[in-house]
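Structure, as structure tokens:
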Amino acid sequence: QVQVVESGGGSAQAGGSLRLSCTVSGLTFSDYTLGWFRQAPGKEREGVACISPRGDDSYNADSVKGRFTVSRDNSKNTLYLQMNSLKPKDAGLYYCVTRRWSRTYAQNLRPGNYNFWGQGTQVNVSS
């Protein structure tokens with residue numbers, strides 16, 4: 001059974017930083033592209049970033065380029081999202097996700113391409 005567990009959410013002021021973590025169990029972690037999505041109240045779910053199985057390629061949504069960095073440690077089965085220069089519009093529930101197909105990578109953040117989702121971790125940003 002695949003389990004996806006996010007942590008590290010919390011509150012920050014605009015311009016501040018937070019680091020999210022995600023552990024995944026129940027599959028061969030290093031075989032899968034992983035990603036982050038977020039959803040603010042009343043808004044559609046939005047893809048934030050994804051990273052290739054080996055961590056040698058990544059893709060960020062335009063809304064977070066230059067501010068967020070996705071990384072992974074395959075020895076620890078852990079995915080990270082370093083969020084800097086936070087803005088109030090970055091607030092929302094952040095989800096860690098695994099790509100539907102193993103050993104594949106593409107620079108896209110279509111929700112349908114990701115099949116295992118965590119429960120989410122809340123990020124609040126005050127102005």
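Chain identifiers are assigned as A, B, and so on, following the order in which chains appear in the structure tokens; residues are numbered from 1 within each chain, and ligands are numbered from 1 in order of appearance.
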
Based on DSSP run over this structure's backbone, return all residues of chain A in helix (DSSP H, G or I), as a PyMOL selection string. chain A and resi 29-31+62-64+88-90+111-113

So that I can see what lies close to A:Leu27, please list as JSON, numbers by chain the residues with an atom at most 7 Å from it, counting only C-alpha atoms and leaving out residues fewer than 2 positions away in the same chain. {"A": [2, 25, 29]}

Selected residue of minimal separation from A:Gln119 among A:Met83, A:Ala91, A:Cys22, A:Ala12, counting only C-alpha atoms: A:Cys22

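Considering only C-alpha atoms, the residue among A:Gly8, A:Trp101, A:Glu46, A:Tyr94 positioned nearest to A:Trp117 is A:Tyr94.
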
Non-local contacts of A:Asp62 (12 Å; only C-alpha atoms; under 2 positions in same chain excluded) as an MDAnalysis selection string: chainID A and resid 46:49 59:60 64:68 108:109

Expected file contents, prior selection, N, CA and C atoms, as a PDB file, in the first residue's frame:
```
ATOM      1  N   GLU A  46      -3.519  23.400  -8.398  1.00  0.00           N
ATOM      2  CA  GLU A  46      -2.490  23.934  -9.296  1.00  0.00           C
ATOM      3  C   GLU A  46      -1.196  23.148  -9.133  1.00  0.00           C
ATOM      4  N   GLY A  47      -0.589  22.746 -10.227  1.00  0.00           N
ATOM      5  CA  GLY A  47       0.708  22.097 -10.175  1.00  0.00           C
ATOM      6  C   GLY A  47       1.788  23.106  -9.837  1.00  0.00           C
ATOM      7  N   VAL A  48       2.711  22.734  -8.955  1.00  0.00           N
ATOM      8  CA  VAL A  48       3.767  23.639  -8.497  1.00  0.00           C
ATOM      9  C   VAL A  48       5.120  23.241  -9.081  1.00  0.00           C
ATOM     10  N   ALA A  49       5.485  21.970  -8.943  1.00  0.00           N
ATOM     11  CA  ALA A  49       6.798  21.525  -9.398  1.00  0.00           C
ATOM     12  C   ALA A  49       6.814  20.010  -9.516  1.00  0.00           C
ATOM     13  N   TYR A  59      11.034  20.721 -12.954  1.00  0.00           N
ATOM     14  CA  TYR A  59      10.207  21.703 -13.661  1.00  0.00           C
ATOM     15  C   TYR A  59       9.373  22.442 -12.636  1.00  0.00           C
ATOM     16  N   ASN A  60       9.337  23.757 -12.767  1.00  0.00           N
ATOM     17  CA  ASN A  60       8.540  24.585 -11.869  1.00  0.00           C
ATOM     18  C   ASN A  60       7.477  25.337 -12.657  1.00  0.00           C
ATOM     19  N   VAL A  64       5.985  30.064  -9.598  1.00  0.00           N
ATOM     20  CA  VAL A  64       6.946  29.880  -8.512  1.00  0.00           C
ATOM     21  C   VAL A  64       8.394  29.865  -8.986  1.00  0.00           C
ATOM     22  N   LYS A  65       8.626  30.028 -10.274  1.00  0.00           N
ATOM     23  CA  LYS A  65      10.000  30.002 -10.792  1.00  0.00           C
ATOM     24  C   LYS A  65      10.856  31.074 -10.147  1.00  0.00           C
ATOM     25  N   GLY A  66      12.060  30.662  -9.776  1.00  0.00           N
ATOM     26  CA  GLY A  66      12.988  31.582  -9.137  1.00  0.00           C
ATOM     27  C   GLY A  66      12.777  31.716  -7.642  1.00  0.00           C
ATOM     28  N   ARG A  67      11.698  31.133  -7.116  1.00  0.00           N
ATOM     29  CA  ARG A  67      11.417  31.241  -5.680  1.00  0.00           C
ATOM     30  C   ARG A  67      11.348  29.874  -4.996  1.00  0.00           C
ATOM     31  N   PHE A  68      10.831  28.880  -5.681  1.00  0.00           N
ATOM     32  CA  PHE A  68      10.684  27.538  -5.106  1.00  0.00           C
ATOM     33  C   PHE A  68      11.684  26.589  -5.759  1.00  0.00           C
ATOM     34  N   ASN A 108       5.502  18.214 -17.128  1.00  0.00           N
ATOM     35  CA  ASN A 108       4.125  18.683 -17.099  1.00  0.00           C
ATOM     36  C   ASN A 108       3.534  18.417 -15.731  1.00  0.00           C
ATOM     37  N   LEU A 109       2.530  19.155 -15.413  1.00  0.00           N
ATOM     38  CA  LEU A 109       1.905  19.086 -14.096  1.00  0.00           C
ATOM     39  C   LEU A 109       0.401  18.879 -14.252  1.00  0.00           C
TER      40      LEU A 109
END
```

Would you list the contacts of A:Ser17 as a list in words, taking every protein, DNA or RNA residue within 8 Å and counting only C-alpha atoms, but skipping same-chain residues closer than 2 positions in sequence? Ala12, Gly15, Arg19, Gln82, Met83, Asn84, Ser85 and Leu86 of chain A

From a backbone DSSP assignment, name each residue in chain A labelled strand (DSSP E), as an MDAnalysis selection string. chainID A and resid 3:7 10:13 18:25 34:39 46:51 58:60 68:73 78:83 92:99 114:117 121:126

Can you work out which one of A:Ala106, A:Leu93, A:Leu18, A:Val24 has the shortest atom-to-atom distance to A:Leu79, counting only C-alpha atoms?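 Looking only at the distances to A:Leu79, the closest residue turns out to be A:Val24.
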
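Separating atom CA of A:Thr69 from atom CA of A:Arg100 is a distance of 22.1 Å.
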
Leaving out A:Ser102 and any residue of its chain fewer than 4 positions from it, which residues lie within 9 Å of it when counting only C-alpha atoms, given as a PyMOL selection string? chain A and resi 28+31-33+53

Please produce an output containing all heavy atoms for each residue in the selection, written as an mmCIF file, in the first residue's frame.
```cif
data_model
loop_
_atom_site.group_PDB
_atom_site.id
_atom_site.type_symbol
_atom_site.label_atom_id
_atom_site.label_comp_id
_atom_site.auth_asym_id
_atom_site.auth_seq_id
_atom_site.Cartn_x
_atom_site.Cartn_y
_atom_site.Cartn_z
ATOM 1 N N THR A 28 8.871 1.695 -5.138
ATOM 2 C CA THR A 28 10.305 1.944 -5.299
ATOM 3 C C THR A 28 10.489 3.426 -5.570
ATOM 4 O O THR A 28 10.335 3.893 -6.701
ATOM 5 C CB THR A 28 10.884 1.091 -6.431
ATOM 6 O OG1 THR A 28 10.598 -0.284 -6.174
ATOM 7 C CG2 THR A 28 12.391 1.291 -6.516
ATOM 8 N N ASP A 31 12.162 5.107 -8.583
ATOM 9 C CA ASP A 31 11.633 4.831 -9.924
ATOM 10 C C ASP A 31 10.620 5.867 -10.398
ATOM 11 O O ASP A 31 10.203 5.838 -11.554
ATOM 12 C CB ASP A 31 10.946 3.457 -9.959
ATOM 13 C CG ASP A 31 11.920 2.306 -10.103
ATOM 14 O OD1 ASP A 31 13.120 2.558 -10.346
ATOM 15 O OD2 ASP A 31 11.473 1.145 -9.961
ATOM 16 N N TYR A 32 10.211 6.756 -9.495
ATOM 17 C CA TYR A 32 9.068 7.609 -9.810
ATOM 18 C C TYR A 32 9.377 9.092 -9.836
ATOM 19 O O TYR A 32 10.051 9.624 -8.940
ATOM 20 C CB TYR A 32 7.945 7.363 -8.792
ATOM 21 C CG TYR A 32 7.245 6.060 -9.013
ATOM 22 C CD1 TYR A 32 7.762 4.876 -8.479
ATOM 23 C CD2 TYR A 32 6.087 5.988 -9.781
ATOM 24 C CE1 TYR A 32 7.138 3.663 -8.703
ATOM 25 C CE2 TYR A 32 5.456 4.779 -10.005
ATOM 26 C CZ TYR A 32 5.989 3.628 -9.463
ATOM 27 O OH TYR A 32 5.368 2.426 -9.693
ATOM 28 N N THR A 33 8.823 9.739 -10.863
ATOM 29 C CA THR A 33 8.740 11.198 -10.842
ATOM 30 C C THR A 33 7.801 11.598 -9.705
ATOM 31 O O THR A 33 6.765 10.970 -9.507
ATOM 32 C CB THR A 33 8.180 11.716 -12.180
ATOM 33 O OG1 THR A 33 9.175 11.530 -13.191
ATOM 34 C CG2 THR A 33 7.798 13.179 -12.108
ATOM 35 N N PRO A 53 12.945 10.963 -11.595
ATOM 36 C CA PRO A 53 13.258 9.904 -10.621
ATOM 37 C C PRO A 53 14.648 10.011 -9.997
ATOM 38 O O PRO A 53 14.805 9.768 -8.795
ATOM 39 C CB PRO A 53 13.116 8.624 -11.442
ATOM 40 C CG PRO A 53 12.069 8.965 -12.452
ATOM 41 C CD PRO A 53 12.357 10.406 -12.814
#
```

Set the distance at 12 Å and use only C-alpha atoms: which residues neighbour A:Asp56 once local chain neighbours fewer than 6 positions away are removed? I'd like the list as number ranges by chain. A: 30, 33, 50, 70-74, 105

Write the residues of the selection above to a file with all heavy atoms, as a PDB file, in the first residue's frame.
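Wrote result_25.pdb, looks like this:
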```pdb
ATOM      1  N   SER A  30      12.804   5.599  -5.958  1.00  0.00           N
ATOM      2  CA  SER A  30      13.713   6.127  -6.981  1.00  0.00           C
ATOM      3  C   SER A  30      13.255   5.844  -8.409  1.00  0.00           C
ATOM      4  O   SER A  30      13.887   6.293  -9.357  1.00  0.00           O
ATOM      5  CB  SER A  30      15.122   5.567  -6.758  1.00  0.00           C
ATOM      6  OG  SER A  30      15.107   4.157  -6.808  1.00  0.00           O
ATOM      7  N   THR A  33       8.823   9.739 -10.863  1.00  0.00           N
ATOM      8  CA  THR A  33       8.740  11.198 -10.842  1.00  0.00           C
ATOM      9  C   THR A  33       7.801  11.598  -9.705  1.00  0.00           C
ATOM     10  O   THR A  33       6.765  10.970  -9.507  1.00  0.00           O
ATOM     11  CB  THR A  33       8.180  11.716 -12.180  1.00  0.00           C
ATOM     12  OG1 THR A  33       9.175  11.530 -13.191  1.00  0.00           O
ATOM     13  CG2 THR A  33       7.798  13.179 -12.108  1.00  0.00           C
ATOM     14  N   CYS A  50       7.737  19.512 -10.330  1.00  0.00           N
ATOM     15  CA  CYS A  50       7.956  18.067 -10.396  1.00  0.00           C
ATOM     16  C   CYS A  50       9.447  17.810 -10.582  1.00  0.00           C
ATOM     17  O   CYS A  50      10.199  18.705 -10.991  1.00  0.00           O
ATOM     18  CB  CYS A  50       7.143  17.408 -11.496  1.00  0.00           C
ATOM     19  SG  CYS A  50       7.521  17.951 -13.170  1.00  0.00           S
ATOM     20  N   VAL A  70      12.430  22.354  -5.943  1.00  0.00           N
ATOM     21  CA  VAL A  70      12.071  20.979  -5.607  1.00  0.00           C
ATOM     22  C   VAL A  70      13.336  20.119  -5.637  1.00  0.00           C
ATOM     23  O   VAL A  70      14.198  20.300  -6.502  1.00  0.00           O
ATOM     24  CB  VAL A  70      10.999  20.432  -6.576  1.00  0.00           C
ATOM     25  CG1 VAL A  70      11.473  20.450  -8.015  1.00  0.00           C
ATOM     26  CG2 VAL A  70      10.544  19.042  -6.154  1.00  0.00           C
ATOM     27  N   SER A  71      13.448  19.223  -4.682  1.00  0.00           N
ATOM     28  CA  SER A  71      14.599  18.318  -4.628  1.00  0.00           C
ATOM     29  C   SER A  71      14.160  17.008  -3.981  1.00  0.00           C
ATOM     30  O   SER A  71      13.047  16.913  -3.452  1.00  0.00           O
ATOM     31  CB  SER A  71      15.753  18.942  -3.838  1.00  0.00           C
ATOM     32  OG  SER A  71      15.376  19.185  -2.500  1.00  0.00           O
ATOM     33  N   ARG A  72      15.036  16.041  -4.048  1.00  0.00           N
ATOM     34  CA  ARG A  72      14.711  14.740  -3.455  1.00  0.00           C
ATOM     35  C   ARG A  72      15.970  14.064  -2.950  1.00  0.00           C
ATOM     36  O   ARG A  72      17.063  14.315  -3.452  1.00  0.00           O
ATOM     37  CB  ARG A  72      13.997  13.847  -4.474  1.00  0.00           C
ATOM     38  CG  ARG A  72      14.834  13.480  -5.675  1.00  0.00           C
ATOM     39  CD  ARG A  72      13.982  12.844  -6.783  1.00  0.00           C
ATOM     40  NE  ARG A  72      13.440  11.559  -6.395  1.00  0.00           N
ATOM     41  CZ  ARG A  72      12.440  10.953  -7.032  1.00  0.00           C
ATOM     42  NH1 ARG A  72      11.881  11.531  -8.083  1.00  0.00           N
ATOM     43  NH2 ARG A  72      12.000   9.770  -6.623  1.00  0.00           N
ATOM     44  N   ASP A  73      15.780  13.198  -1.976  1.00  0.00           N
ATOM     45  CA  ASP A  73      16.862  12.370  -1.460  1.00  0.00           C
ATOM     46  C   ASP A  73      16.382  10.921  -1.554  1.00  0.00           C
ATOM     47  O   ASP A  73      15.593  10.467  -0.718  1.00  0.00           O
ATOM     48  CB  ASP A  73      17.181  12.749  -0.016  1.00  0.00           C
ATOM     49  CG  ASP A  73      18.394  12.018   0.533  1.00  0.00           C
ATOM     50  OD1 ASP A  73      18.739  10.944  -0.010  1.00  0.00           O
ATOM     51  OD2 ASP A  73      18.988  12.490   1.511  1.00  0.00           O
ATOM     52  N   ASN A  74      16.816  10.231  -2.569  1.00  0.00           N
ATOM     53  CA  ASN A  74      16.339   8.865  -2.800  1.00  0.00           C
ATOM     54  C   ASN A  74      16.812   7.899  -1.714  1.00  0.00           C
ATOM     55  O   ASN A  74      16.188   6.857  -1.497  1.00  0.00           O
ATOM     56  CB  ASN A  74      16.771   8.380  -4.172  1.00  0.00           C
ATOM     57  CG  ASN A  74      15.960   9.014  -5.298  1.00  0.00           C
ATOM     58  OD1 ASN A  74      14.950   9.671  -5.040  1.00  0.00           O
ATOM     59  ND2 ASN A  74      16.412   8.830  -6.522  1.00  0.00           N
ATOM     60  N   TYR A 105       9.397  10.434 -17.101  1.00  0.00           N
ATOM     61  CA  TYR A 105       9.457  11.825 -16.643  1.00  0.00           C
ATOM     62  C   TYR A 105       9.029  12.723 -17.778  1.00  0.00           C
ATOM     63  O   TYR A 105       9.384  12.515 -18.937  1.00  0.00           O
ATOM     64  CB  TYR A 105      10.882  12.199 -16.209  1.00  0.00           C
ATOM     65  CG  TYR A 105      11.033  13.667 -15.890  1.00  0.00           C
ATOM     66  CD1 TYR A 105      10.436  14.225 -14.774  1.00  0.00           C
ATOM     67  CD2 TYR A 105      11.762  14.506 -16.744  1.00  0.00           C
ATOM     68  CE1 TYR A 105      10.550  15.574 -14.499  1.00  0.00           C
ATOM     69  CE2 TYR A 105      11.881  15.858 -16.468  1.00  0.00           C
ATOM     70  CZ  TYR A 105      11.281  16.395 -15.344  1.00  0.00           C
ATOM     71  OH  TYR A 105      11.392  17.726 -15.068  1.00  0.00           O
TER      72      TYR A 105
END
```

Would you mind reading off the distance between atom CA of A:Phe37 and atom CA of A:Thr104, one decimal, in Å?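 Separation between atom CA of A:Phe37 and atom CA of A:Thr104: 18.5 Å.
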